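Novice: One structure follows; several queries about it will come next.
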Amino acid sequence: MADATVAANQLPRERNFADARGILNRIMLWIAFLTLSLACIYPMIWLFLNGFKSTNELFQSSWGIPQVWRWENFTTAWNYGISRYLLNSVIVAVATVATELILASMAAYALVTMEFKGKFVIYMGILGGMILPPEVSLFPLFKVMAATDLYNTYFALILPNVAFGLPFTTFLIRAYMVGIPQDLREAALMEGASEGMIFRSIYLPLCRPVLAAAGLIAAMRTWNEFIFALTFVESESVKTVTIGIMSFAVALRADYGVMMAGLALSILPILATFLILQRQFIGGLTQGAVK
Amino acid sequence: MSGRRSSSLRQSLSGWLWVAPTLLFLFFFVYGPAFANIVYSLFSFSAMSQKMDFVGLANYFELSADPLFQTGLINNIIYALISVFFQVAVALTLAAVLESKVFPTFAANGFRTMLFLPSILPVVVVGLIWQILLAPAIGLLDQALWELGLGAWSRAWLGDPDTAIYTIIMVSQWQWTGYIMALFMVAIRAIPRDLYEAMELEGACGPRIFFHLTVPGARETILIVTIITILGSLKVFDIVWVMTAGGPNHSSEVLGTLMYRAAFRDDMIGYSSTIATVIFFIALTIGVVQIKLQKDQ
C-alpha cells in the first residue's frame with residue numbers, strides 16, 4: 001500500500017520532468033536542424049549576393065547586402081561564355097539521356113522477356129560495368145578519341161557518358177520490367193504483334209515512371225560529369241559547364257564579382273528546376289540509387 | 001520465366017540483337033579501354049611516341065616504392081573513414097530524427113529539401129564556391145572566426161599541407177550528407193509504423209528506438225551506403241582536382257590525381273596506367289565484397 005501511494009505521488013512529478021526534458025530536446029533539435037539547413041543553403045545565397053558586388057566592395061564586406069545591385073556583372077558573365085557552356089551541357093545531356101534510355105530499355109526488354117543463349121553471362125557483363133571507375137579507361141579512351149577525330153567534339157563526351165551510364169540504367173529498368181505480367185506480351189504475340197510493337201506500345205508506356213527516374217539520374221550524372229570533359233574537349237565551343245566554369249574562374253581571378261555572378265548563373269538552371277520539382281527530384285534521385 | 005533450355009539459335013539471335021547495342025558500347029568504351037589500360041601498365045612510353053618499351057612489372061615496383069603513392073593511398077583511406085562516419089552514422093541519425101515526427105511535416109520537408117540541396121550542384125561549382133568561402137581575408141569562414149574573436153584559428157585551409165585534405169573531405173561531406181540522409185529516410189519509411197508505436201507505448205526513448213528498431217530495420221541500406229561511400233572515396237578525383245590539384249606540396253594527393261597527372265601532365269603513360277590498374281583492382285575487390293554481402297542477405 002505504502003509503495004503504491006509513493007508511486008502515485010511521484011508519477012506526476014516524473015511526468016513533468018519528462019515533459020520539460022522533451023521540450024528542451026525539441027528546442028535543441030530545432031536549433032541543430034536550423035543551423036544545418038542554414039549551413040547548406042547560405043553558401044548559395046552568399047554566392048548570389050556577392051555576384052552583384054564590385055571586387056572592392058567584396059573585399060570590404062563579403063557578408064553584407066550589396067550597396068549597388070550590379071546586374072551588369074551577370075550580363076558580363078553570361079556573354080563571357082557561360083551561355084555557351086550551358087548550351088553545350090544541354091546538348092550533351094539530352095543526347096546522352098535519350099540514347100541511354102533507348103538502348104537500356106531495349107536490353108532490359110530482351111533480358112526480361114526473351115530466352116537466349118548466354119543470357120546470364122550477358123547480364124553480368126552489363127552489370128559489371130558499374131564497378132569500373134572511368135579513371136581506369138581514361139587514357140586508352142583518350143587515345144581512341146585522338147585517333148578517330150572524335151576528340152574535341154560533342155561525341156567525345158556523349159559516347160563515353162552513355163557507355164558508363166548504361167549498366168545502372170539497364171539494371172533499373174530491368175528491375176521494373178520484371179514486374180510487368182508476361183501474359184500481356186504472350187497475348188499480343190498470339191495476335192501477331194511483333195516484338196518491336198510490343199516493346200513500343202506495351203512496355204515503354206508502362207515503364208514511364210522508371211524511365212523518368214532513370215532519365216533524371218542520367219541527366220544529373222551527365223550534367224555534373226567532369227573527368228571526360230576535362231580530358232576529351234578543349235575548345236570553348238564544345239566545353240560543358242563543369243569545365244567551362246573552371247576556365248572562366250581562372251580567367252576572372254581578378255574580377256571576383258563577375259566570377260561569382262558566373263558561378264551563380266551556372267547553377268541557376270538546375271537550382272530552379274530543383275526548387276520547382278523538389279518532390280519528384282528527391283523521389284527520383286533516391287528511388288533507384290540504393291538497390 | 002521457366003528456364004527453357006531448348007532455346008534454338010534462331011530464337012537466341014533476336015535476343016542478342018536487342019542487347020547488342022548496349023554490349024557494343026560497353027565493349028568499345030568500358031571494357032576494351034580498361035583491358036588496354038592493364039596492358040599499358042606493363043610498358044614504359046609517352047603519349048606522342050610510337051615506341052613502347054616492355055618493362056614487365058617494373059612500373060608496379062616503382063609505384064610501391066613511390067612516397068607519393070603512399071601519401072595518395074593514405075589520403076584515400078582517410079577520405080573513406082571520415083566519409084563513412086558522416087554518411088552512415090550522421091546521415092542515419094539525421095534521417096531518424098526527421099522521420100520521428102518531432103517536427104511538423106512542413107518543417108521536416110523543408111529541412112530535407114535544404115539539406116539535400118548541395119547534392120544537386122556540380123562538384124566543380126561546389127569546389128570553386130568553397131575555395132572562395134575558405135580563402136583568407138574575403139572568405140566567409142575566416143571573417144566569421146575574426147568576428148567571433150577566434151582570429152588565431154584563421155589559416156589558409158587549402159594552402160596549408162596539414163589541413164588541405166581534411167578541408168576537401170569536409171566540403172565533400174557538406175555536399176553529400178544530406179543526399180544520403182534522404183536515402184535513409186526512404187529506408188526508414190519502409191519499416192512498419194506499428195513497430196515504432198509499440199516501442200513508444202512501452203515508453204522507450206529516442207536513442208533506444210534508434211538502436212533497436214531503426215538501425216536493424218535499415219541494415220540493408222546501411223550496408224550498401226557504406227560500400228558506395230568507400231568506393232566513391234577510393235576513386236575520388238574531381239573535388240580534389242578543382243580545389244587543390246593535389247597540393248600544396250602534394251599533401252592532398254589521392255590516387256585519382258596521381259593517375260591524371262602522370263598521364264596528362266608528366267606524360268608517363270605506363271606509370272599512369274599502373275596507378276589506374278591499382279584503382280581498378282581496389283574497385284573490383286570492393287565490388288566483389290558487395291555482391292557477396294548482398295547474396296548473404
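Naming scheme: A, B, ... for chains in displayed order of the C-alpha cells; residues 1 onward per chain; ligands 1 onward as shown.
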Counting only C-alpha atoms, which residues of chain A sit at most 7 Å from some atom of chain B, and what is each one's closest atom pair with its distance in Å to one decimal, listed by chain and rising residue number, as a Markdown table?
Specialist:
```
| residue | atom | partner | partner_atom | distance |
| --- | --- | --- | --- | --- |
| A:Arg26 | CA | B:Val102 | CA | 7.0 |
| A:Phe33 | CA | B:Phe111 | CA | 6.9 |
| A:Ser37 | CA | B:Met114 | CA | 5.4 |
| A:Cys40 | CA | B:Leu115 | CA | 5.8 |
| A:Ile41 | CA | B:Met114 | CA | 6.4 |
| A:Phe59 | CA | B:Ile138 | CA | 5.5 |
| A:Ser62 | CA | B:Ile138 | CA | 6.4 |
| A:Leu103 | CA | B:Thr22 | CA | 6.0 |
| A:Ala104 | CA | B:Thr22 | CA | 6.8 |
| A:Met106 | CA | B:Trp18 | CA | 5.7 |
| A:Ala107 | CA | B:Val19 | CA | 4.4 |
| A:Ala110 | CA | B:Gly15 | CA | 5.5 |
| A:Met114 | CA | B:Gly15 | CA | 6.0 |
| A:Glu115 | CA | B:Ser7 | CA | 6.4 |
| A:Phe116 | CA | B:Ser12 | CA | 4.0 |
| A:Lys117 | CA | B:Ser12 | CA | 5.8 |
| A:Gly129 | CA | B:Val30 | CA | 6.9 |
| A:Ile131 | CA | B:Gly287 | CA | 6.0 |
| A:Leu132 | CA | B:Phe280 | CA | 6.6 |
| A:Pro133 | CA | B:Lys235 | CA | 6.8 |
| A:Glu135 | CA | B:Ala276 | CA | 6.4 |
| A:Val136 | CA | B:Ala276 | CA | 4.9 |
| A:Ser137 | CA | B:Ala34 | CA | 4.6 |
| A:Pro140 | CA | B:Pro33 | CA | 5.1 |
| A:Leu141 | CA | B:Pro33 | CA | 6.0 |
| A:Pro160 | CA | B:Phe29 | CA | 5.9 |
| A:Ala163 | CA | B:Phe25 | CA | 5.2 |
| A:Phe164 | CA | B:Val30 | CA | 6.8 |
| A:Leu166 | CA | B:Thr22 | CA | 7.0 |
| A:Asn224 | CA | B:Pro122 | CA | 4.7 |
| A:Phe226 | CA | B:Asp238 | CA | 6.5 |
| A:Ile227 | CA | B:Asp238 | CA | 6.9 |
| A:Thr242 | CA | B:Val124 | CA | 6.0 |
| A:Leu263 | CA | B:Val125 | CA | 6.8 |
| A:Ile267 | CA | B:Leu121 | CA | 6.8 |
| A:Thr286 | CA | B:Leu183 | CA | 5.4 |
| A:Val290 | CA | B:Thr221 | CA | 6.8 |
```
Novice: For C-alpha atoms, I'd like the residues from the last selection saved as an mmCIF file, in the first residue's frame.
Specialist:
```cif
data_model
loop_
_atom_site.group_PDB
_atom_site.id
_atom_site.type_symbol
_atom_site.label_atom_id
_atom_site.label_comp_id
_atom_site.auth_asym_id
_atom_site.auth_seq_id
_atom_site.Cartn_x
_atom_site.Cartn_y
_atom_site.Cartn_z
ATOM 1 C CA ARG A 26 12.820 19.580 -29.084
ATOM 2 C CA PHE A 33 18.443 21.466 -37.868
ATOM 3 C CA SER A 37 19.957 23.942 -43.096
ATOM 4 C CA CYS A 40 23.673 24.078 -46.538
ATOM 5 C CA ILE A 41 21.945 26.983 -48.271
ATOM 6 C CA PHE A 59 36.864 42.697 -50.069
ATOM 7 C CA SER A 62 31.563 39.915 -48.223
ATOM 8 C CA LEU A 103 19.451 1.271 -75.538
ATOM 9 C CA ALA A 104 18.987 0.356 -71.884
ATOM 10 C CA MET A 106 15.907 -2.454 -75.306
ATOM 11 C CA ALA A 107 18.469 -4.512 -73.424
ATOM 12 C CA ALA A 110 15.303 -8.705 -74.039
ATOM 13 C CA MET A 114 13.295 -13.384 -74.176
ATOM 14 C CA GLU A 115 15.211 -16.621 -73.851
ATOM 15 C CA PHE A 116 18.628 -16.669 -75.460
ATOM 16 C CA LYS A 117 21.966 -18.354 -75.030
ATOM 17 C CA GLY A 129 30.360 -2.072 -65.963
ATOM 18 C CA ILE A 131 32.130 -1.454 -60.859
ATOM 19 C CA LEU A 132 34.651 0.065 -63.284
ATOM 20 C CA PRO A 133 35.575 3.652 -62.460
ATOM 21 C CA GLU A 135 39.594 6.621 -64.473
ATOM 22 C CA VAL A 136 40.581 3.116 -65.466
ATOM 23 C CA SER A 137 39.597 3.630 -69.097
ATOM 24 C CA PRO A 140 43.020 4.440 -73.705
ATOM 25 C CA LEU A 141 39.772 6.298 -74.422
ATOM 26 C CA PRO A 160 31.595 7.514 -73.031
ATOM 27 C CA ALA A 163 28.618 3.714 -72.078
ATOM 28 C CA PHE A 164 29.333 4.351 -68.407
ATOM 29 C CA LEU A 166 24.178 2.059 -69.439
ATOM 30 C CA ASN A 224 27.934 17.036 -63.424
ATOM 31 C CA PHE A 226 33.921 16.154 -65.005
ATOM 32 C CA ILE A 227 36.787 13.890 -65.954
ATOM 33 C CA THR A 242 31.700 21.871 -65.438
ATOM 34 C CA LEU A 263 29.180 30.675 -60.873
ATOM 35 C CA ILE A 267 23.895 26.651 -61.180
ATOM 36 C CA THR A 286 16.694 8.438 -54.086
ATOM 37 C CA VAL A 290 20.072 2.034 -53.482
#
```
Novice: As a ChimeraX atom specification, which residues of stretch 9-123 of chain B does DSSP assign to strand (DSSP E or B)?
Specialist: /B:43-44,53-54
Novice: Kindly save the residues from that selection, with C-alpha atoms included, as a PDB file, in the first residue's frame.
Specialist:
```
ATOM      1  CA  PHE B  43      55.122  -0.733 -70.758  1.00  0.00           C
ATOM      2  CA  SER B  44      57.013   2.490 -70.459  1.00  0.00           C
ATOM      3  CA  ASP B  53      59.208  -0.361 -74.141  1.00  0.00           C
ATOM      4  CA  PHE B  54      58.077  -3.535 -72.445  1.00  0.00           C
TER       5      PHE B  54
END
```
Novice: Report as a list in words all protein, DNA and RNA residues lying within 9 Å of A:Phe199, evaluated on only C-alpha atoms, omitting residues in the same chain fewer than 6 positions from it.
Specialist: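 Near neighbours after the sequence-gap exclusion: Ser105, Met106, Tyr109, Arg185 and Pro205 of chain A.
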Novice: Let me see the file: selected residues, C-alpha atoms, as a short mmCIF file (atom, residue, chain, number, x, y, z; two decimals), in the first residue's frame.
Specialist:
```cif
data_model
loop_
_atom_site.label_atom_id
_atom_site.label_comp_id
_atom_site.auth_asym_id
_atom_site.auth_seq_id
_atom_site.Cartn_x
_atom_site.Cartn_y
_atom_site.Cartn_z
CA SER A 105 15.27 -0.32 -72.21
CA MET A 106 15.91 -2.45 -75.31
CA TYR A 109 13.29 -5.85 -72.56
CA ARG A 185 3.23 -9.94 -74.16
CA PRO A 205 4.30 3.24 -71.83
#
```
Novice: Using only C-alpha atoms for the distances, tell me which of A:Cys207, A:Met220, A:Leu36, A:Ala254 is nearest to A:Asn56.
Specialist: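 With only C-alpha atoms as the atom set, the closest residue is A:Ala254.
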Novice: How would you write, as a compact mmCIF listing (two decimals) with N, CA and C atoms, in the first residue's frame, the set of residues in stretch 7-162 of chain B that DSSP gives as helix (DSSP H, G or I)?
Specialist:
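What landed in result_16.txt:
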```txt
# COMPACT_ATOMS: atom_id res chain seq x y z
N LEU B 9 19.05 -21.49 -81.96
CA LEU B 9 19.93 -20.41 -82.38
C LEU B 9 19.12 -19.24 -82.92
N ARG B 10 18.07 -19.58 -83.69
CA ARG B 10 17.23 -18.53 -84.27
C ARG B 10 16.57 -17.69 -83.19
N GLN B 11 16.12 -18.41 -82.15
CA GLN B 11 15.48 -17.72 -81.04
C GLN B 11 16.50 -16.81 -80.35
N SER B 12 17.70 -17.35 -80.15
CA SER B 12 18.75 -16.59 -79.48
C SER B 12 19.09 -15.34 -80.26
N LEU B 13 19.08 -15.46 -81.59
CA LEU B 13 19.53 -14.36 -82.42
C LEU B 13 18.75 -13.07 -82.12
N SER B 14 17.43 -13.20 -81.98
CA SER B 14 16.67 -11.97 -81.76
C SER B 14 17.00 -11.37 -80.40
N GLY B 15 17.17 -12.21 -79.38
CA GLY B 15 17.57 -11.70 -78.07
C GLY B 15 18.90 -10.98 -78.14
N TRP B 16 19.85 -11.60 -78.84
CA TRP B 16 21.19 -10.99 -78.95
C TRP B 16 21.12 -9.62 -79.62
N LEU B 17 20.28 -9.53 -80.66
CA LEU B 17 20.18 -8.25 -81.37
C LEU B 17 19.71 -7.13 -80.46
N TRP B 18 18.79 -7.46 -79.55
CA TRP B 18 18.26 -6.42 -78.66
C TRP B 18 19.30 -5.94 -77.65
N VAL B 19 20.19 -6.83 -77.22
CA VAL B 19 21.20 -6.39 -76.25
C VAL B 19 22.49 -5.92 -76.92
N ALA B 20 22.60 -6.17 -78.24
CA ALA B 20 23.86 -5.88 -78.92
C ALA B 20 24.34 -4.42 -78.78
N PRO B 21 23.46 -3.42 -78.99
CA PRO B 21 23.97 -2.04 -78.89
C PRO B 21 24.60 -1.75 -77.53
N THR B 22 23.93 -2.19 -76.47
CA THR B 22 24.47 -1.96 -75.12
C THR B 22 25.82 -2.65 -74.97
N LEU B 23 25.90 -3.91 -75.44
CA LEU B 23 27.16 -4.65 -75.32
C LEU B 23 28.27 -3.97 -76.11
N LEU B 24 27.93 -3.47 -77.31
CA LEU B 24 28.96 -2.81 -78.13
C LEU B 24 29.49 -1.57 -77.42
N PHE B 25 28.58 -0.78 -76.88
CA PHE B 25 29.00 0.41 -76.13
C PHE B 25 29.96 0.02 -75.01
N LEU B 26 29.56 -1.00 -74.25
CA LEU B 26 30.38 -1.41 -73.11
C LEU B 26 31.73 -1.93 -73.59
N PHE B 27 31.71 -2.67 -74.70
CA PHE B 27 32.95 -3.24 -75.20
C PHE B 27 33.91 -2.15 -75.65
N PHE B 28 33.40 -1.20 -76.42
CA PHE B 28 34.29 -0.20 -77.01
C PHE B 28 34.72 0.90 -76.02
N PHE B 29 33.86 1.23 -75.07
CA PHE B 29 34.18 2.39 -74.24
C PHE B 29 34.47 2.06 -72.78
N VAL B 30 34.14 0.83 -72.36
CA VAL B 30 34.38 0.49 -70.96
C VAL B 30 35.40 -0.65 -70.84
N TYR B 31 35.03 -1.83 -71.34
CA TYR B 31 35.90 -2.99 -71.12
C TYR B 31 37.16 -2.96 -71.97
N GLY B 32 37.01 -2.62 -73.24
CA GLY B 32 38.17 -2.58 -74.12
C GLY B 32 39.25 -1.65 -73.58
N PRO B 33 38.90 -0.39 -73.33
CA PRO B 33 39.89 0.53 -72.78
C PRO B 33 40.44 0.07 -71.43
N ALA B 34 39.60 -0.52 -70.58
CA ALA B 34 40.10 -0.98 -69.28
C ALA B 34 41.14 -2.08 -69.48
N PHE B 35 40.89 -2.94 -70.46
CA PHE B 35 41.84 -4.02 -70.74
C PHE B 35 43.14 -3.42 -71.30
N ALA B 36 42.99 -2.48 -72.25
CA ALA B 36 44.17 -1.82 -72.81
C ALA B 36 45.00 -1.18 -71.71
N ASN B 37 44.29 -0.62 -70.74
CA ASN B 37 44.97 0.04 -69.64
C ASN B 37 45.88 -0.92 -68.87
N ILE B 38 45.36 -2.13 -68.63
CA ILE B 38 46.18 -3.12 -67.90
C ILE B 38 47.41 -3.47 -68.73
N VAL B 39 47.22 -3.62 -70.05
CA VAL B 39 48.35 -3.93 -70.91
C VAL B 39 49.39 -2.80 -70.87
N TYR B 40 48.89 -1.55 -70.98
CA TYR B 40 49.78 -0.39 -70.97
C TYR B 40 50.64 -0.36 -69.71
N ALA B 58 57.94 -3.65 -63.78
CA ALA B 58 58.80 -2.60 -63.22
C ALA B 58 58.00 -1.41 -62.71
N ASN B 59 56.93 -1.04 -63.48
CA ASN B 59 56.11 0.09 -63.04
C ASN B 59 55.50 -0.16 -61.67
N TYR B 60 55.11 -1.41 -61.44
CA TYR B 60 54.48 -1.73 -60.15
C TYR B 60 55.48 -1.63 -59.01
N PHE B 61 56.71 -2.07 -59.27
CA PHE B 61 57.75 -1.97 -58.23
C PHE B 61 58.05 -0.51 -57.94
N GLU B 62 58.16 0.25 -59.03
CA GLU B 62 58.45 1.67 -58.86
C GLU B 62 57.33 2.35 -58.04
N LEU B 63 56.09 1.97 -58.37
CA LEU B 63 54.94 2.58 -57.70
C LEU B 63 54.95 2.25 -56.21
N SER B 64 55.24 0.99 -55.88
CA SER B 64 55.15 0.61 -54.47
C SER B 64 56.21 1.31 -53.64
N ALA B 65 57.29 1.78 -54.30
CA ALA B 65 58.33 2.48 -53.55
C ALA B 65 58.14 4.00 -53.59
N PRO B 67 56.90 7.43 -52.61
CA PRO B 67 56.27 8.03 -51.42
C PRO B 67 54.96 8.74 -51.75
N LEU B 68 54.86 9.30 -52.97
CA LEU B 68 53.61 9.98 -53.34
C LEU B 68 52.45 8.99 -53.40
N PHE B 69 52.74 7.78 -53.87
CA PHE B 69 51.69 6.76 -53.94
C PHE B 69 51.19 6.44 -52.53
N GLN B 70 52.13 6.38 -51.57
CA GLN B 70 51.71 6.11 -50.19
C GLN B 70 50.87 7.26 -49.64
N THR B 71 51.32 8.49 -49.89
CA THR B 71 50.51 9.65 -49.47
C THR B 71 49.11 9.56 -50.05
N GLY B 72 49.05 9.29 -51.35
CA GLY B 72 47.75 9.23 -52.02
C GLY B 72 46.86 8.16 -51.43
N LEU B 73 47.41 6.99 -51.25
CA LEU B 73 46.62 5.87 -50.74
C LEU B 73 46.12 6.18 -49.32
N ILE B 74 47.02 6.74 -48.50
CA ILE B 74 46.61 7.08 -47.12
C ILE B 74 45.50 8.13 -47.15
N ASN B 75 45.64 9.14 -48.03
CA ASN B 75 44.59 10.15 -48.14
C ASN B 75 43.26 9.54 -48.56
N ASN B 76 43.31 8.58 -49.51
CA ASN B 76 42.08 7.90 -49.92
C ASN B 76 41.44 7.17 -48.73
N ILE B 77 42.28 6.56 -47.91
CA ILE B 77 41.75 5.80 -46.77
C ILE B 77 41.14 6.75 -45.73
N ILE B 78 41.85 7.86 -45.45
CA ILE B 78 41.28 8.86 -44.53
C ILE B 78 39.95 9.37 -45.06
N TYR B 79 39.94 9.63 -46.38
CA TYR B 79 38.72 10.09 -47.06
C TYR B 79 37.58 9.11 -46.80
N ALA B 80 37.89 7.82 -46.97
CA ALA B 80 36.85 6.80 -46.80
C ALA B 80 36.37 6.74 -45.35
N LEU B 81 37.29 6.80 -44.39
CA LEU B 81 36.90 6.67 -42.99
C LEU B 81 35.99 7.82 -42.56
N ILE B 82 36.42 9.05 -42.88
CA ILE B 82 35.61 10.20 -42.48
C ILE B 82 34.26 10.17 -43.19
N SER B 83 34.27 9.81 -44.47
CA SER B 83 33.02 9.80 -45.23
C SER B 83 32.06 8.76 -44.66
N VAL B 84 32.57 7.60 -44.29
CA VAL B 84 31.67 6.58 -43.75
C VAL B 84 31.05 7.08 -42.45
N PHE B 85 31.86 7.75 -41.62
CA PHE B 85 31.30 8.28 -40.38
C PHE B 85 30.14 9.25 -40.68
N PHE B 86 30.39 10.23 -41.57
CA PHE B 86 29.36 11.23 -41.81
C PHE B 86 28.18 10.65 -42.58
N GLN B 87 28.48 9.84 -43.59
CA GLN B 87 27.40 9.46 -44.48
C GLN B 87 26.66 8.23 -44.01
N VAL B 88 27.19 7.53 -43.03
CA VAL B 88 26.41 6.45 -42.45
C VAL B 88 25.90 6.87 -41.08
N ALA B 89 26.80 7.14 -40.15
CA ALA B 89 26.36 7.46 -38.78
C ALA B 89 25.56 8.76 -38.72
N VAL B 90 26.15 9.84 -39.20
CA VAL B 90 25.48 11.14 -39.07
C VAL B 90 24.21 11.18 -39.92
N ALA B 91 24.31 10.76 -41.17
CA ALA B 91 23.15 10.85 -42.06
C ALA B 91 22.00 9.99 -41.53
N LEU B 92 22.31 8.82 -41.00
CA LEU B 92 21.24 7.96 -40.48
C LEU B 92 20.57 8.59 -39.26
N THR B 93 21.38 9.20 -38.40
CA THR B 93 20.81 9.87 -37.23
C THR B 93 19.89 11.01 -37.66
N LEU B 94 20.37 11.83 -38.60
CA LEU B 94 19.54 12.95 -39.08
C LEU B 94 18.24 12.42 -39.67
N ALA B 95 18.34 11.36 -40.46
CA ALA B 95 17.14 10.79 -41.09
C ALA B 95 16.17 10.29 -40.02
N ALA B 96 16.70 9.64 -38.99
CA ALA B 96 15.83 9.10 -37.95
C ALA B 96 15.09 10.23 -37.23
N VAL B 97 15.80 11.34 -36.98
CA VAL B 97 15.15 12.47 -36.31
C VAL B 97 14.04 13.05 -37.20
N LEU B 98 14.35 13.25 -38.49
CA LEU B 98 13.34 13.83 -39.38
C LEU B 98 12.13 12.91 -39.54
N GLU B 99 12.34 11.60 -39.44
CA GLU B 99 11.23 10.67 -39.63
C GLU B 99 10.48 10.40 -38.32
N THR B 105 5.19 18.38 -40.24
CA THR B 105 5.54 17.89 -41.58
C THR B 105 6.21 18.94 -42.45
N PHE B 106 5.66 20.16 -42.44
CA PHE B 106 6.23 21.18 -43.34
C PHE B 106 7.69 21.45 -42.97
N ALA B 107 7.99 21.44 -41.66
CA ALA B 107 9.37 21.72 -41.24
C ALA B 107 10.29 20.57 -41.64
N ALA B 108 9.83 19.33 -41.42
CA ALA B 108 10.65 18.16 -41.79
C ALA B 108 10.94 18.18 -43.28
N ASN B 109 9.90 18.48 -44.09
CA ASN B 109 10.11 18.56 -45.55
C ASN B 109 11.08 19.66 -45.91
N GLY B 110 10.92 20.82 -45.25
CA GLY B 110 11.81 21.95 -45.52
C GLY B 110 13.25 21.60 -45.20
N PHE B 111 13.47 21.00 -44.03
CA PHE B 111 14.83 20.62 -43.65
C PHE B 111 15.41 19.63 -44.67
N ARG B 112 14.58 18.66 -45.07
CA ARG B 112 15.08 17.67 -46.02
C ARG B 112 15.51 18.35 -47.31
N THR B 113 14.67 19.25 -47.83
CA THR B 113 14.99 19.94 -49.07
C THR B 113 16.29 20.74 -48.95
N MET B 114 16.43 21.46 -47.82
CA MET B 114 17.61 22.32 -47.70
C MET B 114 18.88 21.48 -47.54
N LEU B 115 18.79 20.39 -46.78
CA LEU B 115 19.98 19.55 -46.60
C LEU B 115 20.32 18.80 -47.89
N PHE B 116 19.29 18.54 -48.72
CA PHE B 116 19.50 17.80 -49.96
C PHE B 116 20.15 18.68 -51.03
N LEU B 117 19.86 19.98 -50.93
CA LEU B 117 20.24 20.93 -51.98
C LEU B 117 21.69 20.83 -52.47
N PRO B 118 22.69 20.79 -51.58
CA PRO B 118 24.07 20.77 -52.09
C PRO B 118 24.36 19.60 -53.03
N SER B 119 23.65 18.49 -52.89
CA SER B 119 23.98 17.32 -53.70
C SER B 119 23.59 17.48 -55.17
N ILE B 120 22.75 18.47 -55.50
CA ILE B 120 22.40 18.61 -56.92
C ILE B 120 23.40 19.51 -57.65
N VAL B 123 30.06 19.14 -58.76
CA VAL B 123 31.18 19.11 -57.83
C VAL B 123 32.14 20.28 -58.08
N VAL B 124 32.34 20.60 -59.36
CA VAL B 124 33.25 21.69 -59.70
C VAL B 124 32.79 23.01 -59.07
N VAL B 125 31.50 23.28 -59.20
CA VAL B 125 30.99 24.54 -58.66
C VAL B 125 31.11 24.55 -57.14
N VAL B 126 30.81 23.41 -56.52
CA VAL B 126 30.97 23.30 -55.07
C VAL B 126 32.42 23.59 -54.69
N GLY B 127 33.35 22.99 -55.42
CA GLY B 127 34.76 23.21 -55.13
C GLY B 127 35.14 24.67 -55.26
N LEU B 128 34.67 25.32 -56.34
CA LEU B 128 35.02 26.72 -56.55
C LEU B 128 34.39 27.62 -55.50
N ILE B 129 33.12 27.38 -55.16
CA ILE B 129 32.46 28.21 -54.14
C ILE B 129 33.22 28.10 -52.82
N TRP B 130 33.54 26.88 -52.43
CA TRP B 130 34.22 26.70 -51.14
C TRP B 130 35.65 27.22 -51.16
N GLN B 131 36.25 27.21 -52.34
CA GLN B 131 37.58 27.80 -52.45
C GLN B 131 37.53 29.27 -52.05
N ILE B 132 36.47 29.96 -52.50
CA ILE B 132 36.34 31.38 -52.15
C ILE B 132 35.91 31.52 -50.68
N LEU B 133 34.96 30.65 -50.26
CA LEU B 133 34.49 30.75 -48.88
C LEU B 133 35.62 30.53 -47.88
N LEU B 140 34.26 33.63 -46.08
CA LEU B 140 33.25 33.72 -45.04
C LEU B 140 33.76 33.13 -43.74
N LEU B 141 34.41 31.98 -43.82
CA LEU B 141 34.85 31.28 -42.61
C LEU B 141 35.85 32.13 -41.85
N ASP B 142 36.80 32.68 -42.59
CA ASP B 142 37.83 33.48 -41.96
C ASP B 142 37.23 34.70 -41.28
N GLN B 143 36.32 35.38 -41.99
CA GLN B 143 35.68 36.56 -41.40
C GLN B 143 34.88 36.20 -40.17
N ALA B 144 34.21 35.03 -40.22
CA ALA B 144 33.42 34.61 -39.07
C ALA B 144 34.33 34.37 -37.87
N LEU B 145 35.47 33.73 -38.10
CA LEU B 145 36.40 33.47 -37.00
C LEU B 145 36.88 34.77 -36.36
N TRP B 146 37.22 35.76 -37.19
CA TRP B 146 37.69 37.04 -36.65
C TRP B 146 36.59 37.71 -35.86
N GLU B 147 35.35 37.68 -36.39
CA GLU B 147 34.23 38.30 -35.68
C GLU B 147 34.03 37.66 -34.31
N GLY B 151 40.37 34.78 -34.15
CA GLY B 151 41.28 35.09 -35.24
C GLY B 151 42.51 34.20 -35.26
N ALA B 152 42.91 33.72 -34.09
CA ALA B 152 44.10 32.88 -34.03
C ALA B 152 43.91 31.57 -34.80
N TRP B 153 42.65 31.15 -34.95
CA TRP B 153 42.39 29.90 -35.66
C TRP B 153 42.43 30.08 -37.17
```
Novice: Smallest atom-to-atom distance to A:Val233: which of A:Ile102, A:Met145, A:Leu86, A:Ile126, using only C-alpha atoms?
Specialist: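 Among A:Ile102, A:Met145, A:Leu86, A:Ile126, it is A:Met145 that comes nearest to A:Val233.
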Novice: Given only C-alpha atoms as the basis, pick out the residue of B:Ile191, B:Ala218, B:Leu158, B:Val171 nearest to A:Ala39.
Specialist: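 When distances to A:Ala39 are compared using only C-alpha atoms, the smallest one comes from B:Val171.
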Novice: For A:Asp149, which residue among A:Ala212, A:Asp19, A:Pro43, A:Phe232 is the nearest when counting only C-alpha atoms?
Specialist: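 Closest to A:Asp149 of all the choices is A:Phe232.
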Novice: Counting only C-alpha atoms, which of B:Thr229, B:Thr163, B:Thr214, B:Ser251 gets nearest to B:Trp176?
Specialist: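 Of B:Thr229, B:Thr163, B:Thr214, B:Ser251, the one nearest B:Trp176 is B:Thr229, counting only C-alpha atoms.
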Novice: Rounded to one decimal place, report the atom CA of A:Met190-atom CA of A:Lys119 distance in Å.
Specialist: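 That distance, rounded to one decimal, is 24.2 Å.
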Novice: Rank B:Met268, B:Ile188, B:Ile230, B:Met199 by their smallest atom-to-atom distance to B:Val215, using only C-alpha atoms, and report the top residue only.
Specialist: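 Looking at the shortest contact to B:Val215, the residue is B:Ile188.
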